[in-house]
Structures are given as structure tokens and as C-alpha cells.
$ cat final17.txt   # compact mmCIF, C-alpha atoms
# COMPACT_ATOMS: atom_id res chain seq x y z
CA MET Z 241 17.47 -68.91 20.25
CA SER Z 242 17.24 -65.60 18.37
CA LEU Z 243 17.48 -65.39 14.61
CA GLN Z 244 19.76 -62.68 13.22
CA ILE Z 245 18.47 -60.62 10.30
CA ASN Z 246 20.14 -57.95 8.25
CA ARG Z 247 19.03 -54.51 7.11
CA ARG Z 248 18.22 -55.69 3.57
CA PHE Z 249 15.88 -58.36 4.89
CA PHE Z 250 14.23 -55.90 7.23
CA LEU Z 251 13.64 -53.25 4.58
CA ALA Z 252 12.30 -55.81 2.14
CA THR Z 253 9.75 -57.09 4.60
CA ALA Z 254 8.80 -53.89 6.46
CA ALA Z 255 6.01 -52.99 4.04
CA ALA Z 256 4.49 -56.43 4.35
CA ALA Z 257 4.69 -56.19 8.12
CA LEU Z 258 2.70 -52.96 8.03
CA ALA Z 259 0.03 -54.38 5.75
CA ALA Z 260 -0.49 -57.69 7.51
CA PRO Z 261 -1.65 -58.27 11.09
CA ALA Z 262 1.22 -60.73 11.59
CA VAL Z 263 4.02 -62.41 9.72
CA LEU Z 264 3.36 -66.11 9.69
CA SER Z 265 5.85 -68.90 9.22
CA SER Z 266 5.35 -72.63 9.39
CA ARG Z 267 6.03 -74.08 12.83
CA SER Z 268 4.59 -77.52 12.34
CA ALA Z 269 1.89 -79.21 10.38
CA GLY Z 270 -1.40 -77.53 11.20
CA ALA Z 271 0.22 -74.71 13.25
CA ALA Z 272 1.88 -71.39 12.56
CA ALA Z 273 4.15 -69.03 14.48
CA THR Z 274 3.83 -65.26 14.56
CA THR Z 275 7.25 -63.77 13.86
CA LEU Z 276 8.13 -60.39 15.34
CA THR Z 277 11.33 -58.33 15.25
CA LEU Z 278 13.45 -56.81 18.03
CA GLY Z 279 16.09 -54.23 17.15
CA HIS Z 280 18.88 -52.71 19.26
CA GLY Z 281 22.20 -50.94 18.79
CA ALA Z 282 24.54 -52.79 21.13
CA ALA Z 283 27.65 -54.69 20.07
CA PRO Z 284 28.09 -58.48 20.49
CA GLY Z 285 28.82 -59.44 24.09
CA ASN Z 286 27.09 -56.39 25.52
CA PRO Z 287 24.55 -57.19 28.29
CA ARG Z 288 21.84 -55.68 26.09
CA THR Z 289 22.70 -58.13 23.33
CA VAL Z 290 22.67 -61.12 25.67
CA ALA Z 291 19.35 -60.09 27.22
CA ALA Z 292 17.72 -59.53 23.83
CA ALA Z 293 18.63 -63.08 22.83
CA LYS Z 294 17.28 -64.35 26.16
CA PHE Z 295 14.01 -62.49 25.60
CA ALA Z 296 13.57 -64.23 22.25
CA GLU Z 297 14.29 -67.60 23.87
CA LEU Z 298 11.84 -66.97 26.72
CA VAL Z 299 9.07 -65.79 24.42
CA LYS Z 300 9.33 -68.92 22.31
CA GLN Z 301 9.32 -71.07 25.45
CA LYS Z 302 6.46 -69.31 27.23
CA THR Z 303 4.22 -69.24 24.14
CA GLU Z 304 5.07 -72.82 23.17
CA GLY Z 305 6.44 -71.58 19.87
CA ARG Z 306 3.43 -69.47 18.89
CA ILE Z 307 5.57 -66.31 18.96
CA GLN Z 308 9.06 -66.19 17.46
CA ILE Z 309 11.39 -63.19 17.83
CA ASN Z 310 13.99 -62.19 15.26
CA VAL Z 311 16.78 -60.16 16.92
CA ALA Z 312 18.80 -57.60 14.97
CA GLY Z 313 21.55 -55.88 16.96
CA ALA Z 314 24.54 -53.58 16.40
CA GLU Z 315 22.39 -50.97 14.60
CA THR Z 316 21.57 -53.46 11.82
CA LEU Z 317 18.19 -51.76 11.49
CA GLY Z 318 19.57 -48.24 11.80
CA SER Z 319 20.19 -45.86 14.67
CA ASP Z 320 18.17 -45.83 17.88
CA ALA Z 321 16.20 -42.87 16.53
CA ALA Z 322 15.45 -44.71 13.29
CA MET Z 323 14.32 -47.80 15.20
CA LEU Z 324 11.94 -45.69 17.28
CA THR Z 325 10.34 -44.36 14.10
CA SER Z 326 9.96 -47.93 12.83
CA LEU Z 327 8.48 -48.96 16.18
CA ARG Z 328 5.81 -46.27 16.07
CA THR Z 329 4.78 -47.17 12.51
CA GLY Z 330 4.69 -50.89 13.27
CA ALA Z 331 7.59 -51.77 10.96
CA LEU Z 332 9.49 -52.85 14.09
CA ASP Z 333 7.90 -54.64 17.02
CA PHE Z 334 10.36 -54.28 19.92
CA THR Z 335 13.46 -52.26 20.68
CA ALA Z 336 15.94 -52.11 23.54
CA ASN Z 337 16.67 -48.47 22.92
CA SER Z 338 18.65 -45.59 24.43
CA GLN Z 339 17.32 -43.05 26.89
CA GLY Z 340 18.68 -40.14 24.88
CA ALA Z 341 17.03 -41.09 21.60
CA THR Z 342 13.78 -42.09 23.29
CA SER Z 343 13.51 -38.72 25.04
CA ALA Z 344 12.85 -37.23 21.60
CA ILE Z 345 9.39 -38.82 21.64
CA VAL Z 346 8.83 -38.63 25.42
CA PRO Z 347 10.81 -35.58 26.65
CA GLU Z 348 10.00 -36.33 30.28
CA LEU Z 349 12.27 -39.38 30.09
CA SER Z 350 15.29 -37.06 30.12
CA ALA Z 351 14.61 -36.29 33.77
CA LEU Z 352 16.02 -39.71 34.70
CA GLY Z 353 19.41 -38.42 33.55
CA LEU Z 354 19.70 -35.43 35.86
CA PRO Z 355 23.38 -35.19 36.86
CA PHE Z 356 24.36 -37.32 39.85
CA LEU Z 357 20.71 -38.21 40.54
CA PHE Z 358 21.06 -42.00 40.98
CA GLU Z 359 24.00 -43.68 42.65
CA ASN Z 360 23.09 -47.09 41.26
CA THR Z 361 20.61 -48.99 39.15
CA ASP Z 362 18.68 -50.48 42.09
CA LYS Z 363 17.68 -47.00 43.26
CA ALA Z 364 16.68 -45.95 39.76
CA VAL Z 365 14.57 -49.06 39.15
CA ALA Z 366 12.83 -48.61 42.52
CA VAL Z 367 11.80 -45.11 41.42
CA LEU Z 368 10.65 -46.41 38.02
CA ASN Z 369 8.51 -49.07 39.70
CA GLY Z 370 6.54 -46.32 41.45
CA PRO Z 371 4.48 -43.29 40.39
CA VAL Z 372 7.31 -41.95 38.20
CA GLY Z 373 7.23 -45.08 36.06
CA ALA Z 374 3.43 -45.07 35.92
CA GLU Z 375 3.45 -41.51 34.59
CA LEU Z 376 6.08 -42.35 31.99
CA ASN Z 377 4.01 -45.34 30.87
CA ARG Z 378 1.07 -43.02 30.20
CA ARG Z 379 3.28 -40.65 28.22
CA PHE Z 380 4.63 -43.51 26.11
CA GLU Z 381 1.26 -45.03 25.34
CA ALA Z 382 0.09 -41.63 24.11
CA VAL Z 383 2.69 -41.87 21.31
CA GLY Z 384 1.94 -45.49 20.37
CA VAL Z 385 4.63 -47.20 22.45
CA VAL Z 386 4.37 -49.65 25.37
CA PRO Z 387 7.23 -49.81 27.92
CA LEU Z 388 7.81 -53.44 28.92
CA ASP Z 389 10.71 -52.94 31.31
CA TRP Z 390 13.56 -50.61 32.24
CA TRP Z 391 16.87 -52.18 31.37
CA ASP Z 392 20.15 -50.71 32.56
CA ASN Z 393 22.49 -48.63 30.44
CA GLY Z 394 24.66 -48.05 33.49
CA ILE Z 395 26.47 -45.21 35.18
CA ARG Z 396 28.21 -43.09 32.56
CA HIS Z 397 31.85 -42.03 32.55
CA LEU Z 398 34.09 -39.87 30.39
CA THR Z 399 36.93 -40.93 28.08
CA ASN Z 400 39.28 -38.85 25.95
CA SER Z 401 42.49 -39.03 23.96
CA LYS Z 402 44.10 -35.74 25.08
CA ARG Z 403 44.85 -35.71 28.80
CA LYS Z 404 43.80 -36.77 32.28
CA VAL Z 405 40.49 -35.20 33.24
CA ALA Z 406 40.15 -35.07 37.03
CA SER Z 407 38.18 -31.81 37.37
CA PRO Z 408 35.85 -29.74 35.18
CA ALA Z 409 38.69 -27.32 34.41
CA ASP Z 410 40.51 -30.13 32.58
CA LEU Z 411 37.72 -30.21 29.97
CA ALA Z 412 38.46 -26.69 28.75
CA GLY Z 413 38.88 -26.64 24.97
CA MET Z 414 37.77 -30.25 24.49
CA LYS Z 415 35.06 -31.41 22.11
CA ILE Z 416 33.03 -34.27 23.57
CA ARG Z 417 30.68 -36.52 21.66
CA THR Z 418 27.30 -36.95 23.33
CA PRO Z 419 24.19 -38.70 22.10
CA ALA Z 420 21.43 -36.46 20.79
CA ASP Z 421 20.15 -36.14 24.34
CA PRO Z 422 19.45 -32.61 25.62
CA MET Z 423 20.25 -33.55 29.23
CA THR Z 424 23.70 -34.93 28.42
CA ILE Z 425 24.45 -31.96 26.18
CA ASP Z 426 23.48 -29.58 29.00
CA ILE Z 427 25.69 -31.46 31.48
CA PHE Z 428 28.82 -31.19 29.34
CA GLN Z 429 28.20 -27.63 28.35
CA ALA Z 430 27.86 -26.81 32.06
CA LEU Z 431 31.24 -28.50 32.54
CA GLY Z 432 32.77 -26.19 29.95
CA ALA Z 433 33.21 -28.65 27.09
CA GLY Z 434 32.10 -28.31 23.50
CA THR Z 435 29.67 -31.02 22.38
CA GLU Z 436 28.94 -32.77 19.13
CA GLN Z 437 26.33 -35.39 18.33
CA ILE Z 438 27.57 -38.44 16.42
CA ALA Z 439 25.75 -41.75 15.91
CA PHE Z 440 27.11 -44.45 18.21
CA GLY Z 441 27.95 -46.70 15.28
CA GLU Z 442 30.23 -43.97 13.88
CA LEU Z 443 31.85 -43.07 17.21
CA TYR Z 444 34.96 -45.27 17.07
CA ILE Z 445 36.08 -43.80 13.74
CA ALA Z 446 35.23 -40.26 14.88
CA LEU Z 447 37.46 -40.70 17.93
CA GLN Z 448 40.19 -42.38 15.90
CA GLN Z 449 40.24 -39.54 13.37
CA GLY Z 450 40.08 -36.81 16.01
CA VAL Z 451 36.70 -35.45 14.95
CA VAL Z 452 36.01 -35.29 18.69
CA ASP Z 453 38.42 -35.56 21.61
CA GLY Z 454 36.30 -37.76 23.84
CA GLN Z 455 32.94 -39.24 24.67
CA GLU Z 456 30.87 -40.50 27.60
CA ASN Z 457 29.32 -43.93 28.07
CA PRO Z 458 28.93 -46.75 30.58
CA LEU Z 459 32.04 -48.89 31.04
CA ALA Z 460 30.39 -51.91 29.39
CA ASN Z 461 29.71 -49.90 26.22
CA ILE Z 462 33.24 -48.47 26.21
CA GLU Z 463 34.69 -51.98 26.40
CA SER Z 464 32.34 -53.81 24.01
CA SER Z 465 32.76 -51.14 21.31
CA LYS Z 466 36.53 -50.95 21.98
CA LEU Z 467 36.47 -47.19 22.51
CA HIS Z 468 39.40 -47.49 24.92
CA GLU Z 469 41.56 -48.39 21.92
CA VAL Z 470 41.25 -44.79 20.69
CA ASN Z 471 40.70 -43.02 24.04
CA LYS Z 472 43.51 -43.68 26.52
CA TYR Z 473 42.11 -41.72 29.47
CA ILE Z 474 39.05 -43.07 31.32
CA SER Z 475 37.75 -40.64 33.95
CA LEU Z 476 35.33 -42.12 36.50
CA THR Z 477 32.98 -39.14 36.52
CA ALA Z 478 29.78 -41.16 37.17
CA HIS Z 479 27.94 -38.05 35.99
CA LYS Z 480 24.61 -39.74 35.28
CA TRP Z 481 22.70 -43.01 35.26
CA GLU Z 482 20.78 -43.98 32.17
CA SER Z 483 18.09 -46.49 31.39
CA THR Z 484 17.68 -48.72 28.37
CA PRO Z 485 13.93 -48.52 27.75
CA PHE Z 486 12.67 -51.88 26.51
CA LEU Z 487 9.74 -50.94 24.31
CA MET Z 488 6.98 -52.58 22.27
CA SER Z 489 4.89 -51.10 19.50
CA LYS Z 490 1.18 -50.81 20.30
CA ILE Z 491 0.62 -52.32 16.85
CA ALA Z 492 2.62 -55.38 17.90
CA GLN Z 493 0.72 -55.54 21.18
CA ALA Z 494 -2.53 -55.88 19.23
CA ARG Z 495 -1.12 -58.91 17.38
CA LEU Z 496 -0.25 -60.86 20.50
CA GLY Z 497 -3.74 -61.65 21.77
CA SER Z 498 -3.69 -64.10 24.66
CA ASP Z 499 0.13 -64.32 24.48
CA LEU Z 500 0.59 -60.72 25.62
CA GLU Z 501 1.10 -61.61 29.29
CA ALA Z 502 3.68 -64.25 28.39
CA VAL Z 503 5.62 -61.68 26.36
CA LYS Z 504 5.47 -59.19 29.23
CA ALA Z 505 6.74 -61.83 31.64
CA ALA Z 506 9.58 -62.69 29.27
CA ALA Z 507 10.56 -59.01 29.09
CA LYS Z 508 10.73 -58.80 32.89
CA GLU Z 509 12.86 -61.94 33.16
CA ALA Z 510 15.20 -60.76 30.42
CA GLY Z 511 15.39 -57.36 32.12
CA ALA Z 512 16.44 -58.90 35.44
CA LEU Z 513 19.18 -60.78 33.58
CA GLN Z 514 20.29 -57.65 31.72
CA ARG Z 515 20.59 -55.57 34.90
CA LYS Z 516 22.54 -58.34 36.63
CA LEU Z 517 24.90 -58.72 33.69
CA SER Z 518 25.30 -54.97 33.39
CA SER Z 519 26.35 -54.63 37.02
CA GLU Z 520 28.77 -57.55 36.78
CA LYS Z 521 30.15 -56.35 33.47
CA ALA Z 522 30.86 -52.85 34.80
CA ALA Z 523 32.83 -54.25 37.74
CA ASP Z 524 34.80 -56.67 35.54
CA VAL Z 525 35.55 -54.05 32.90
CA LEU Z 526 36.77 -51.54 35.48
CA GLU Z 527 39.12 -54.15 36.96
CA ASN Z 528 40.44 -55.01 33.50
CA PHE Z 529 40.94 -51.36 32.58
CA LYS Z 530 42.95 -50.80 35.76
CA LYS Z 531 45.22 -53.69 34.78
CA ASN Z 532 45.58 -52.50 31.18
CA ALA Z 533 48.83 -50.56 30.72
CA ALA Z 534 47.50 -49.04 27.48
CA VAL Z 535 44.82 -47.03 29.29
CA GLU Z 536 44.80 -44.79 32.35
CA VAL Z 537 41.88 -44.85 34.79
CA VAL Z 538 41.46 -41.45 36.43
CA GLU Z 539 39.76 -40.84 39.78
CA VAL Z 540 38.05 -37.45 39.69
CA ASP Z 541 37.08 -34.70 42.10
CA GLN Z 542 33.40 -35.61 41.99
CA ASP Z 543 32.36 -32.77 44.31
CA ALA Z 544 33.70 -30.32 41.73
CA PHE Z 545 31.68 -32.03 38.98
CA VAL Z 546 28.53 -31.99 41.13
CA LYS Z 547 28.98 -28.27 41.84
CA ALA Z 548 29.66 -27.41 38.20
CA THR Z 549 26.45 -29.13 37.01
CA ALA Z 550 24.11 -27.89 39.78
CA SER Z 551 22.53 -25.39 37.41
CA VAL Z 552 21.33 -28.14 35.06
CA ALA Z 553 18.54 -29.37 37.35
CA ASP Z 554 17.40 -25.79 38.00
CA SER Z 555 17.11 -25.07 34.28
CA TRP Z 556 15.17 -28.28 33.61
CA LYS Z 557 12.64 -27.42 36.30
CA LYS Z 558 11.70 -24.39 34.19
CA LYS Z 559 10.65 -26.54 31.24
CA PRO Z 560 6.95 -27.22 30.45
CA PHE Z 561 7.25 -30.57 32.27
CA GLY Z 562 9.21 -29.05 35.16
CA ASP Z 563 6.76 -30.49 37.69
CA PHE Z 564 7.69 -33.98 36.53
CA VAL Z 565 11.40 -33.16 36.83
CA THR Z 566 10.77 -32.09 40.42
CA GLN Z 567 8.80 -35.32 41.03
CA VAL Z 568 11.67 -37.46 39.74
CA GLU Z 569 14.23 -35.60 41.81
CA ALA Z 570 12.11 -35.91 44.97
CA ALA Z 571 11.56 -39.64 44.39
CA ALA Z 572 15.29 -40.20 43.89
CA ARG Z 573 16.23 -38.28 47.01
CA GLY Z 574 13.50 -39.85 49.11
$ encode --input "final17.txt" --output "C-alpha cells"
Amino acid sequence: MSLQINRRFFLATAAAALAAPAVLSSRSAGAAATTLTLGHGAAPGNPRTVAAAKFAELVKQKTEGRIQINVAGAETLGSDAAMLTSLRTGALDFTANSQGATSAIVPELSALGLPFLFENTDKAVAVLNGPVGAELNRRFEAVGVVPLDWWDNGIRHLTNSKRKVASPADLAGMKIRTPADPMTIDIFQALGAGTEQIAFGELYIALQQGVVDGQENPLANIESSKLHEVNKYISLTAHKWESTPFLMSKIAQARLGSDLEAVKAAAKEAGALQRKLSSEKAADVLENFKKNAAVEVVEVDQDAFVKATASVADSWKKKPFGDFVTQVEAAARG
């Protein structure tokens, strides 16, 4: 079972974690457990939250208690970007992070979010289990990070508080919150919307106060963070799929010794659970939204959205890593 920690505890112990090869706590007479920390930004009940707790449980089981994982969710340890910084310095050991934030340290990761590239998670994971994933692993290790698995952040959809959005023209004049992810920003600017970057933990209030008119996220995130309470219209744009990179610090990897393979196996098992829960959650949430008289689910003209965002892939192929963008697109279409 995971142990919850708060930001004050984390900050107080981060310096010690950097200075020492491991944080040790008494497990039993004559034995000690290495305690590591996993941070993520998801709300309680989210598939990411459930899988993080399962990872901690599996690690303890597979290492016979030698490794214990403290789990801190709901941005307790800061934003996804802040957690990535902590991961690279060794102040944080694991994170189930966001694709947008992570692309700031590995820009090639953004290519997974090309508009309308993946119809479902199974196709995306199949691509990531091949040469595309191997190349991304090399890019991550070069910046001190080890990918353990590719969890699912789902197919993303649009919500807003103003009006039904069934075609790109309906977005005219709207300001849409996106994560600080260049690909998502490019998609919505191609659709004719204004964009603004707001931390996920501040999004509900920003929508409630009208700082932005709408946002885009997977259905599970919309439901677990109650964004539908302040955004009546839910448009099923399915404009992109996004991963949840499950990452480990190379500094933490060095602490694990012979338990490294057990930790990797636990990450894979937890990832399989997370993807299953994510798929089930999306279907359940959609059904519940359709039954909810307080919200309106909008079917969109997806062909019009595909056409309006066609230029995004072309522009990304002109970037310094354009060859990789082409490789990802070919693998997805193959």
C-alpha cells in the first residue's frame, strides 16, 4: 500500500535524498528498506492514481519489502514540469508525468501527439514497443531519465462554457487552455482558437472565473477533476492521443542494485492495469456524461477538424528532429 506524503515533508527531505545513496527506514530487526518517492499530478480516483498505488504495492511485494515507494499525487510535489526537474536532480525517484511537460526535456516526444495520429491506445503502445520507443529511450537516458513504461493519458476532447463546438468555425473568438505543449498549442491555433497555458491544478478555477473559455483533456481527467461542472459543452473532437510517460531517475536506478528488474516488472504490471482502467473509465465517463442533463455531449464533424489541422504535421516535419516525426507518422500509419 502506498504512503501519502505532503509537499512540506518532501521539501524537508529532498536535500537529504540528494546527499545520501538511499533513504533507509527500519523494516525489521537486522533489515532495512530503501524508501523512494513517486510523484504525479492526477486527482484521486484517476486511473493514474490507482496505478501508482498498485506500483508501490507490487514493488514492495516483488522485492520482499526491500524497496518501499511513497506516492504523492494531485500535484502535491508541484507541477509536472517541477517534478521532472526534481527527477533529473535525484530529489524525486519516479513520476507518472504528462506528455506535454515531458516534451520540454525530450522534444521528440511531442511527435506522439500529432493530430489524429492514433485512433486508440493499443495502436500507440504497439508503435512505442518498436523502434520509435527504442529511439525515445535513448533520448531520455541522455538527459538522466529512464522510461519504465508508457501509460495512457487517453484520447483528448474539448470542453467549453460558451456554446456547442461541432466544427472548427465554432471555436472562433474562444480562448482555450492547453498544457505547455507545443503540439497542442499548434493544433488549437490551427483550429482558429486563442490559447493560454495554465497549470492543471489551477484549471478548474480558471474555467470557473472565465479566464479561459474551455480546455482539452481525456474524459477521465475531465470527470475526476470535475471540469464538467464549469464547462457544460463536451465536444468529442478526439484530436490527439497522449501518453503518460512513467519515468525513473537514473540516480534512483543506481540505488536499486539487484532489485532493478523487479521494479521494472512492477512498472509494466502497473502500466497494464492503468491502460485497462483508462479505457474502461473513458467508456463509463462518456456514458455518464450522456445521461447528465447538466452537460451536453456534442458529436463533431471530425473530417473538418482533420482538414483544419493538416498543416500541423507538415510544420513539425521541418523541425530539427523532423526525420523522427516522419518515422512516428509512418509507424502509426503502417
$ residues_around --input "final17.txt" --residues "segment 555-568 of chain Z" --least-positions-apart "5" --cutoff "7 Å" --atoms "all atoms listed in the file" --output "PyMOL selection string"
chain Z and resi 348+351+372
$ closest_residue --input "final17.txt" --among "Z:Asp333, Z:Glu482, Z:Asp426, Z:Glu381" --to "Glu359 of chain Z" --atoms "all atoms listed in the file"
Z:Glu482
$ atom_distance --input "final17.txt" --atom1 "atom CA of Ala366 of chain Z" --atom2 "atom CA of Lys508 of chain Z"
14.2 Å
$ closest_residue --input "final17.txt" --among "Z:Ile309, Z:Ala291, Z:Leu278, Z:Ala446" --to "Leu327 of chain Z" --atoms "all atoms listed in the file"
Z:Leu278
$ closest_residue --input "final17.txt" --among "Z:His280, Z:His468, Z:His479, Z:Arg378" --to "Leu332 of chain Z" --atoms "all atoms listed in the file"
Z:His280
$ residues_around --input "final17.txt" --residues "Leu298 of chain Z" --least-positions-apart "6" --cutoff "12 Å" --atoms "all atoms listed in the file" --output "PyMOL selection string"
chain Z and resi 241-242+291-292+304-309+502-511+513
$ axis_aligned_box --input "final17.txt" --around "segment 323-332 of chain Z" --padding-each-side "3 Å" --output "JSON"
{"center_x": 9.5, "center_y": -48.6, "center_z": 14.1, "size_x": 15.6, "size_y": 14.5, "size_z": 12.3}
$ residues_around --input "final17.txt" --residues "Lys415 of chain Z" --least-positions-apart "5" --cutoff "12 Å" --atoms "all atoms listed in the file" --output "PyMOL selection string"
chain Z and resi 398-402+410+425+428-429+431-438+446-447+450-456
$ closest_residue --input "final17.txt" --among "Z:Ser350, Z:Thr342, Z:Asn286, Z:Thr335" --to "Ile462 of chain Z" --atoms "only C-alpha atoms"
Z:Asn286
$ residues_around --input "final17.txt" --residues "Ala523 of chain Z" --least-positions-apart "4" --cutoff "12 Å" --atoms "all atoms listed in the file" --output "list in words"
Gly394, Ile395, Pro458, Leu459, Ala460, Glu463, Lys516, Leu517, Ser518, Ser519, Glu527, Asn528, Phe529 and Lys530 of chain Z
$ closest_residue --input "final17.txt" --among "Z:Leu411, Z:Ala478, Z:Leu500, Z:Met488" --to "Asn360 of chain Z" --atoms "only C-alpha atoms"
Z:Ala478
$ atom_distance --input "final17.txt" --atom1 "atom CA of Ala344 of chain Z" --atom2 "atom CA of Ala570 of chain Z"
23.4 Å
$ atom_distance --input "final17.txt" --atom1 "atom CA of Val540 of chain Z" --atom2 "atom CA of Gly413 of chain Z"
18.3 Å
$ residues_around --input "final17.txt" --residues "Asn532 of chain Z" --least-positions-apart "6" --cutoff "12 Å" --atoms "only C-alpha atoms" --output "MDAnalysis selection string"
chainID Z and resid 463 468:469 472:474 525:526
$ closest_residue --input "final17.txt" --among "Z:Ala430, Z:Val383, Z:Val552, Z:Ala409" --to "Ser489 of chain Z" --atoms "all atoms listed in the file"
Z:Val383
